[in-house]
Amino acid sequence: MNTGCFDEVISRRGTNCAKYDEMDEKYGKDILHCGVADMDFRAPEPIREACRKVTDHGIYGYTNLPSCYPAVVGEWIRREYGCRVEDEWILFSPRINIGLNMAVETFTKPGDRIIVHTPAYPALTDAVNKHGRIMIGSPLGWDGTRWSMNFDAMESKMDASVKMMILCNPHNPTGRVWEAEDLKAVESFCLRHELFLLSDEIHADIIREGRRFCSILSLSEPMRKRMIVYQSVTKTFNIPGIMFSNMIIPDDSMRQAMKATVDREGFHNPNIFAAAVIKPAYQECGPWKEELNRCLDENMSLLAGYLKE
Ligand SMILES: Cc1ncc(COP(=O)(O)O)c(C=O)c1O
């Protein structure tokens with residue numbers, strides 16, 4: 001695939017984009033806005049081609065997911081992250097943020113307490129606080145080289161009202177990619193306290209050289225009965241405006257409960273562009289992601305060198 005396009009400067013101003021137009025209004029035009037997590041690269045060509053077909057057809061009616069949806073997502077998870085996943089575990093959610101909110105509503109009650117590691121991506125804390133649940137903010141520790149979870153501090157806050165932990169992996173905003181041993185520690189903590197575990201893995205594909213992403217899907221069967229994994233390739237391919245994501249729910253009764261919530265909330269159809277891009281994104285754009293990561297590695301070392309100077 002001719003991936004190209006990582007060195008073109010493309011103006012996004014005047015497109016109602018949250019990253020520039022909204023931030024210009026708040027903070028002025030003279031700064032480089034980094035507060036919204038999308039990139040300034042054009043999406044891979046197979047995705048743009050699928051969008052062009054939809055646009056040119058000209059009828060933008062209610063649309064269903066393609067029948068290949070769970071299979072292409074499952075294949076990506078097995079290939080990219082080396083985890084076991086059954087296609088039937090995979091449910092669609094328009095956005096990860098919506099899926100997280102739905103799980104908080106489905107599996108906890110107002111007044112229940114939920115652990116979130118801090119600093120936190122604001123939508124995770126909103127999922128707790130805006131639903132009348134009580135957040136236990138558990139500060140990550142910094143040892144001069146990397147961030148870590150503080151299990152002793154978490155332990156000291158536990159009682160029967162704590163029902164859930166929300167993990168962010170890779171962690172936004174610190175960038176920490178949790179390793180197998182971190183996830184094992186999360187697992188034994190959650191099982192001991194009978195917590196549900198939600199893992200927001202939206203940045204799984206954007207990984208620096210030498211690191212390997214490890215999903216909570218690799219944890220044990222007892223933990224799989226209490227987990228929901230949130231993944232999406234909308235960050236990967238810089239298409240978060242198209243809005244689609246996956247909720248991976250290994251346990252059948254949890255999955256049925258979430259299906260009932262999705263039905264109650266009325267999310268019956270995906271966006272027409274989401275339906276069109278899912279197959280090409282998962283099946284044809286892997287090489288673009290590899291090139292993106294190489295480009296980001298170079299940008300990181302350029303920035304690090306510049307700051308050092
Ligand atoms: C950690 C994290 N989760 C979720 C989202 C949003 O995902 P979605 O657009 O699917 O709601 C973001 C966006 O910045 C994010 O950084």
# chains A, B, ... in the order shown; residues from 1 in each chain; ligands from 1

$ residues_around --residues "Val85 (chain A)" --least-positions-apart "4" --cutoff "12 Å" --atoms "only C-alpha atoms" --output "list in words"
Pro70, Ala71, Val72, Val73, Gly74, Glu75, Trp76, Ile77, Arg78, Arg79, Glu80, Tyr81, Trp89, Ile90, Ser215, Ile216, Leu217, Ser218, Leu219, Glu221, Arg224, Val229, Met247, Ile248, Ile249, Pro250 and Asp251 of chain A

$ write_last_selection --atoms "N, CA, C and O atoms" --output "CSV table (one decimal), in the first residue's frame"
chain,number,residue,atom,x,y,z
A,70,PRO,N,-18.0,-8.8,13.7
A,70,PRO,CA,-17.2,-9.4,14.8
A,70,PRO,C,-16.0,-10.2,14.3
A,70,PRO,O,-15.0,-10.3,15.0
A,71,ALA,N,-16.1,-10.9,13.1
A,71,ALA,CA,-15.0,-11.7,12.7
A,71,ALA,C,-13.8,-10.9,12.4
A,71,ALA,O,-12.7,-11.2,12.7
A,72,VAL,N,-14.0,-9.7,11.7
A,72,VAL,CA,-12.8,-8.9,11.4
A,72,VAL,C,-12.1,-8.3,12.6
A,72,VAL,O,-10.9,-8.2,12.7
A,73,VAL,N,-13.0,-7.9,13.6
A,73,VAL,CA,-12.4,-7.4,14.8
A,73,VAL,C,-11.7,-8.5,15.6
A,73,VAL,O,-10.6,-8.3,16.1
A,74,GLY,N,-12.3,-9.6,15.7
A,74,GLY,CA,-11.7,-10.8,16.4
A,74,GLY,C,-10.4,-11.1,15.8
A,74,GLY,O,-9.4,-11.4,16.5
A,75,GLU,N,-10.3,-11.1,14.5
A,75,GLU,CA,-9.0,-11.5,13.8
A,75,GLU,C,-7.9,-10.5,14.1
A,75,GLU,O,-6.8,-10.8,14.4
A,76,TRP,N,-8.3,-9.2,14.2
A,76,TRP,CA,-7.3,-8.1,14.5
A,76,TRP,C,-6.8,-8.3,15.9
A,76,TRP,O,-5.6,-8.3,16.2
A,77,ILE,N,-7.7,-8.6,16.9
A,77,ILE,CA,-7.3,-8.8,18.3
A,77,ILE,C,-6.4,-10.0,18.4
A,77,ILE,O,-5.3,-9.9,19.1
A,78,ARG,N,-6.7,-11.1,17.8
A,78,ARG,CA,-5.9,-12.3,17.9
A,78,ARG,C,-4.5,-12.0,17.2
A,78,ARG,O,-3.5,-12.4,17.8
A,79,ARG,N,-4.5,-11.4,16.1
A,79,ARG,CA,-3.2,-11.1,15.3
A,79,ARG,C,-2.4,-10.1,16.0
A,79,ARG,O,-1.2,-10.2,16.2
A,80,GLU,N,-3.0,-8.9,16.4
A,80,GLU,CA,-2.2,-7.8,16.9
A,80,GLU,C,-1.8,-7.9,18.3
A,80,GLU,O,-0.8,-7.5,18.7
A,81,TYR,N,-2.7,-8.5,19.1
A,81,TYR,CA,-2.4,-8.5,20.6
A,81,TYR,C,-2.2,-10.0,21.1
A,81,TYR,O,-1.9,-10.1,22.3
A,89,TRP,N,-18.1,-12.6,21.6
A,89,TRP,CA,-17.9,-11.7,22.8
A,89,TRP,C,-18.0,-10.2,22.4
A,89,TRP,O,-18.0,-9.4,23.2
A,90,ILE,N,-17.9,-10.0,21.1
A,90,ILE,CA,-17.7,-8.6,20.6
A,90,ILE,C,-19.0,-7.9,20.3
A,90,ILE,O,-19.8,-8.3,19.4
A,215,SER,N,-3.2,-6.9,26.7
A,215,SER,CA,-4.6,-6.6,27.0
A,215,SER,C,-5.0,-7.4,28.3
A,215,SER,O,-4.5,-8.5,28.5
A,216,ILE,N,-6.0,-6.9,29.0
A,216,ILE,CA,-6.6,-7.7,30.1
A,216,ILE,C,-7.3,-9.0,29.6
A,216,ILE,O,-7.6,-9.9,30.3
A,217,LEU,N,-7.5,-9.1,28.2
A,217,LEU,CA,-8.1,-10.3,27.7
A,217,LEU,C,-7.1,-11.5,27.9
A,217,LEU,O,-7.5,-12.6,27.8
A,218,SER,N,-5.8,-11.2,28.2
A,218,SER,CA,-4.9,-12.3,28.5
A,218,SER,C,-5.0,-12.8,29.9
A,218,SER,O,-4.3,-13.8,30.2
A,219,LEU,N,-5.9,-12.3,30.7
A,219,LEU,CA,-6.0,-12.7,32.1
A,219,LEU,C,-6.8,-14.0,32.2
A,219,LEU,O,-7.3,-14.5,31.2
A,221,GLU,N,-9.5,-17.1,33.4
A,221,GLU,CA,-11.0,-17.3,33.2
A,221,GLU,C,-11.8,-16.6,34.3
A,221,GLU,O,-12.8,-15.9,34.0
A,224,ARG,N,-12.0,-13.1,33.5
A,224,ARG,CA,-12.8,-12.8,32.2
A,224,ARG,C,-14.3,-12.8,32.5
A,224,ARG,O,-15.1,-12.2,31.8
A,229,VAL,N,-13.7,-5.2,28.0
A,229,VAL,CA,-12.6,-4.5,27.3
A,229,VAL,C,-13.1,-3.6,26.2
A,229,VAL,O,-14.0,-4.0,25.4
A,247,MET,N,-17.0,-3.4,22.4
A,247,MET,CA,-17.0,-3.8,23.8
A,247,MET,C,-16.8,-5.3,23.7
A,247,MET,O,-17.6,-6.0,23.1
A,248,ILE,N,-15.8,-5.8,24.4
A,248,ILE,CA,-15.5,-7.2,24.3
A,248,ILE,C,-15.8,-7.8,25.7
A,248,ILE,O,-15.2,-7.4,26.7
A,249,ILE,N,-16.9,-8.6,25.7
A,249,ILE,CA,-17.4,-9.1,27.0
A,249,ILE,C,-17.5,-10.6,27.0
A,249,ILE,O,-18.4,-11.2,26.5
A,250,PRO,N,-16.4,-11.2,27.6
A,250,PRO,CA,-16.4,-12.7,27.5
A,250,PRO,C,-17.5,-13.4,28.3
A,250,PRO,O,-17.9,-14.5,27.8
A,251,ASP,N,-18.0,-12.9,29.3
A,251,ASP,CA,-19.0,-13.6,30.1
A,251,ASP,C,-20.4,-13.4,29.5
A,251,ASP,O,-20.9,-12.2,29.3

$ residues_near_ligand --ligand "ligand 1" --cutoff "6 Å" --atoms "only C-alpha atoms and all ligand atoms" --output "list in words"
Ala37, Arg95, Ile96, Asn97, Tyr121, Asn172, Asp200, Ile202, Pro240 and Ser245 of chain A

$ write_last_selection --atoms "C-alpha atoms" --output "tab-separated table (two decimals), in the first residue's frame"
chain	number	residue	atom	x	y	z
A	37	ALA	CA	-6.30	13.17	21.14
A	95	ARG	CA	-18.05	5.38	21.23
A	96	ILE	CA	-15.91	3.99	24.01
A	97	ASN	CA	-17.09	6.79	26.26
A	121	TYR	CA	-8.66	11.02	31.12
A	172	ASN	CA	-3.90	8.40	29.26
A	200	ASP	CA	-10.15	1.28	28.11
A	202	ILE	CA	-8.29	2.70	22.82
A	240	PRO	CA	-12.55	9.25	15.77
A	245	SER	CA	-15.80	0.99	18.97

$ residues_around --residues "Ala160 (chain A)" --least-positions-apart "2" --cutoff "12 Å" --atoms "only C-alpha atoms" --output "list in words"
Gly111, Asp112, Arg113, Ile114, Glu155, Lys157, Met158, Val162, Lys163, Met164, Arg192, His193, Glu194 and Leu195 of chain A

$ select_by_dssp --residues "region 33-80 of chain A" --states "helix (DSSP H, G or I)" --output "VMD selection string"
chain A and resid 45 to 57 69 to 80

$ residues_around --residues "region 175-181 of chain A" --least-positions-apart "3" --cutoff "9 Å" --atoms "only C-alpha atoms" --output "list in words"
Arg146, Trp147, Ser148, Cys168, Asn169, Pro170, His171, Asn172, Lys184, Ala185, Val186, Ala204, Ile207, Arg211, Arg212, Phe213, Cys214, Ser215, Ile216, Ser218 and Leu219 of chain A

$ residues_around --residues "Lys130 (chain A)" --least-positions-apart "3" --cutoff "12 Å" --atoms "only C-alpha atoms" --output "VMD selection string"
chain A and resid 101 to 102 104 to 105 110 to 111 122 to 127 133 to 135

$ closest_residue --among "A:Gly210, A:Gly58, A:Gly28, A:Gly14" --to "Asp297 (chain A)" --atoms "only C-alpha atoms"
A:Gly210

$ select_by_dssp --residues "region 36-210 of chain A" --states "strand (DSSP E or B)" --output "MDAnalysis selection string"
chainID A and resid 90:93 113:118 134:139 141:142 147:148 162:168 196:200

$ write_last_selection --atoms "C-alpha atoms" --output "PDB file, in the first residue's frame"
ATOM      1  CA  ILE A  90     -17.677  -8.575  20.608  1.00  0.00           C
ATOM      2  CA  LEU A  91     -20.440  -5.969  20.762  1.00  0.00           C
ATOM      3  CA  PHE A  92     -20.579  -2.661  18.939  1.00  0.00           C
ATOM      4  CA  SER A  93     -20.683   0.677  20.742  1.00  0.00           C
ATOM      5  CA  ARG A 113     -17.525   3.369  44.742  1.00  0.00           C
ATOM      6  CA  ILE A 114     -15.267   2.898  41.705  1.00  0.00           C
ATOM      7  CA  ILE A 115     -11.458   3.013  41.489  1.00  0.00           C
ATOM      8  CA  VAL A 116      -9.902   5.188  38.786  1.00  0.00           C
ATOM      9  CA  HIS A 117      -6.139   5.792  38.567  1.00  0.00           C
ATOM     10  CA  THR A 118      -5.162   9.435  38.535  1.00  0.00           C
ATOM     11  CA  ILE A 134     -18.289   7.802  44.045  1.00  0.00           C
ATOM     12  CA  MET A 135     -14.818   7.892  42.580  1.00  0.00           C
ATOM     13  CA  ILE A 136     -11.816   6.595  44.482  1.00  0.00           C
ATOM     14  CA  GLY A 137      -8.945   8.360  42.758  1.00  0.00           C
ATOM     15  CA  SER A 138      -5.830   6.239  43.127  1.00  0.00           C
ATOM     16  CA  PRO A 139      -2.740   8.343  42.280  1.00  0.00           C
ATOM     17  CA  GLY A 141       3.391   6.789  41.572  1.00  0.00           C
ATOM     18  CA  TRP A 142       6.423   8.142  39.632  1.00  0.00           C
ATOM     19  CA  TRP A 147       4.574   5.310  36.546  1.00  0.00           C
ATOM     20  CA  SER A 148       3.108   2.523  38.664  1.00  0.00           C
ATOM     21  CA  VAL A 162     -16.269  -0.622  46.095  1.00  0.00           C
ATOM     22  CA  LYS A 163     -17.624  -2.486  43.060  1.00  0.00           C
ATOM     23  CA  MET A 164     -15.483  -1.671  40.062  1.00  0.00           C
ATOM     24  CA  MET A 165     -12.076  -0.605  38.774  1.00  0.00           C
ATOM     25  CA  ILE A 166     -11.656   1.360  35.543  1.00  0.00           C
ATOM     26  CA  LEU A 167      -8.248   0.817  33.996  1.00  0.00           C
ATOM     27  CA  CYS A 168      -6.796   2.813  31.121  1.00  0.00           C
ATOM     28  CA  PHE A 196     -15.775  -5.615  37.907  1.00  0.00           C
ATOM     29  CA  LEU A 197     -12.890  -4.524  35.711  1.00  0.00           C
ATOM     30  CA  LEU A 198     -13.358  -2.171  32.753  1.00  0.00           C
ATOM     31  CA  SER A 199     -10.294  -1.602  30.578  1.00  0.00           C
ATOM     32  CA  ASP A 200     -10.149   1.283  28.113  1.00  0.00           C
TER      33      ASP A 200
END

$ residues_around --residues "Pro270 (chain A)" --least-positions-apart "6" --cutoff "12 Å" --atoms "only C-alpha atoms" --output "PDB file with C-alpha atoms, in the first residue's frame"
ATOM      1  CA  TYR A  60     -27.579   8.193   3.743  1.00  0.00           C
ATOM      2  CA  GLY A  61     -30.215   5.978   5.278  1.00  0.00           C
ATOM      3  CA  TYR A  62     -30.229   3.839   8.414  1.00  0.00           C
ATOM      4  CA  THR A  63     -27.496   1.273   8.040  1.00  0.00           C
ATOM      5  CA  ASN A  64     -26.561  -1.956   9.783  1.00  0.00           C
ATOM      6  CA  LEU A  65     -23.175  -3.327  10.714  1.00  0.00           C
ATOM      7  CA  PRO A  66     -21.652  -5.541   8.027  1.00  0.00           C
ATOM      8  CA  TYR A  69     -18.041  -7.136  11.871  1.00  0.00           C
ATOM      9  CA  LEU A  91     -20.440  -5.969  20.762  1.00  0.00           C
ATOM     10  CA  PHE A  92     -20.579  -2.661  18.939  1.00  0.00           C
ATOM     11  CA  SER A  93     -20.683   0.677  20.742  1.00  0.00           C
ATOM     12  CA  PRO A  94     -20.708   3.999  18.890  1.00  0.00           C
ATOM     13  CA  ARG A  95     -18.054   5.377  21.231  1.00  0.00           C
ATOM     14  CA  ILE A 242     -16.565   8.380  12.369  1.00  0.00           C
ATOM     15  CA  MET A 243     -17.295   6.900  15.787  1.00  0.00           C
ATOM     16  CA  PHE A 244     -17.213   3.176  16.252  1.00  0.00           C
ATOM     17  CA  SER A 245     -15.797   0.991  18.972  1.00  0.00           C
ATOM     18  CA  ASN A 246     -15.971  -2.518  20.377  1.00  0.00           C
ATOM     19  CA  ALA A 276     -18.535   1.212   5.502  1.00  0.00           C
ATOM     20  CA  VAL A 277     -15.031   1.575   6.944  1.00  0.00           C
ATOM     21  CA  ILE A 278     -14.929  -1.267   9.464  1.00  0.00           C
TER      22      ILE A 278
END

$ residues_around --residues "Cys51 (chain A)" --least-positions-apart "2" --cutoff "9 Å" --atoms "only C-alpha atoms" --output "ChimeraX atom specification"
/A:46-49,53-56,273-274,276-277

$ write_last_selection --atoms "N, CA and C atoms" --output "PDB file, in the first residue's frame"
ATOM      1  N   PRO A  46      -7.636   3.142   1.996  1.00  0.00           N
ATOM      2  CA  PRO A  46      -8.811   2.250   1.917  1.00  0.00           C
ATOM      3  C   PRO A  46     -10.015   2.793   2.698  1.00  0.00           C
ATOM      4  N   ILE A  47      -9.745   3.510   3.783  1.00  0.00           N
ATOM      5  CA  ILE A  47     -10.841   4.090   4.570  1.00  0.00           C
ATOM      6  C   ILE A  47     -11.453   5.269   3.807  1.00  0.00           C
ATOM      7  N   ARG A  48     -10.576   6.090   3.217  1.00  0.00           N
ATOM      8  CA  ARG A  48     -11.093   7.250   2.469  1.00  0.00           C
ATOM      9  C   ARG A  48     -11.898   6.796   1.257  1.00  0.00           C
ATOM     10  N   GLU A  49     -11.435   5.732   0.626  1.00  0.00           N
ATOM     11  CA  GLU A  49     -12.145   5.190  -0.542  1.00  0.00           C
ATOM     12  C   GLU A  49     -13.544   4.698  -0.125  1.00  0.00           C
ATOM     13  N   LYS A  53     -17.226   6.201  -1.460  1.00  0.00           N
ATOM     14  CA  LYS A  53     -18.313   5.401  -2.049  1.00  0.00           C
ATOM     15  C   LYS A  53     -19.642   5.748  -1.395  1.00  0.00           C
ATOM     16  N   VAL A  54     -19.627   5.890  -0.074  1.00  0.00           N
ATOM     17  CA  VAL A  54     -20.860   6.234   0.643  1.00  0.00           C
ATOM     18  C   VAL A  54     -21.327   7.618   0.204  1.00  0.00           C
ATOM     19  N   THR A  55     -20.382   8.568   0.158  1.00  0.00           N
ATOM     20  CA  THR A  55     -20.735   9.946  -0.205  1.00  0.00           C
ATOM     21  C   THR A  55     -21.343   9.980  -1.603  1.00  0.00           C
ATOM     22  N   ASP A  56     -20.703   9.281  -2.545  1.00  0.00           N
ATOM     23  CA  ASP A  56     -21.160   9.340  -3.935  1.00  0.00           C
ATOM     24  C   ASP A  56     -22.493   8.629  -4.137  1.00  0.00           C
ATOM     25  N   PHE A 273     -21.024   5.753   7.798  1.00  0.00           N
ATOM     26  CA  PHE A 273     -19.595   5.708   7.457  1.00  0.00           C
ATOM     27  C   PHE A 273     -18.874   4.643   8.293  1.00  0.00           C
ATOM     28  N   ALA A 274     -19.311   4.490   9.550  1.00  0.00           N
ATOM     29  CA  ALA A 274     -18.700   3.450  10.386  1.00  0.00           C
ATOM     30  C   ALA A 274     -18.923   2.084   9.741  1.00  0.00           C
ATOM     31  N   ALA A 276     -19.307   1.370   6.749  1.00  0.00           N
ATOM     32  CA  ALA A 276     -18.535   1.212   5.502  1.00  0.00           C
ATOM     33  C   ALA A 276     -17.043   1.003   5.747  1.00  0.00           C
ATOM     34  N   VAL A 277     -16.498   1.614   6.810  1.00  0.00           N
ATOM     35  CA  VAL A 277     -15.031   1.575   6.944  1.00  0.00           C
ATOM     36  C   VAL A 277     -14.525   0.418   7.794  1.00  0.00           C
TER      37      VAL A 277
END
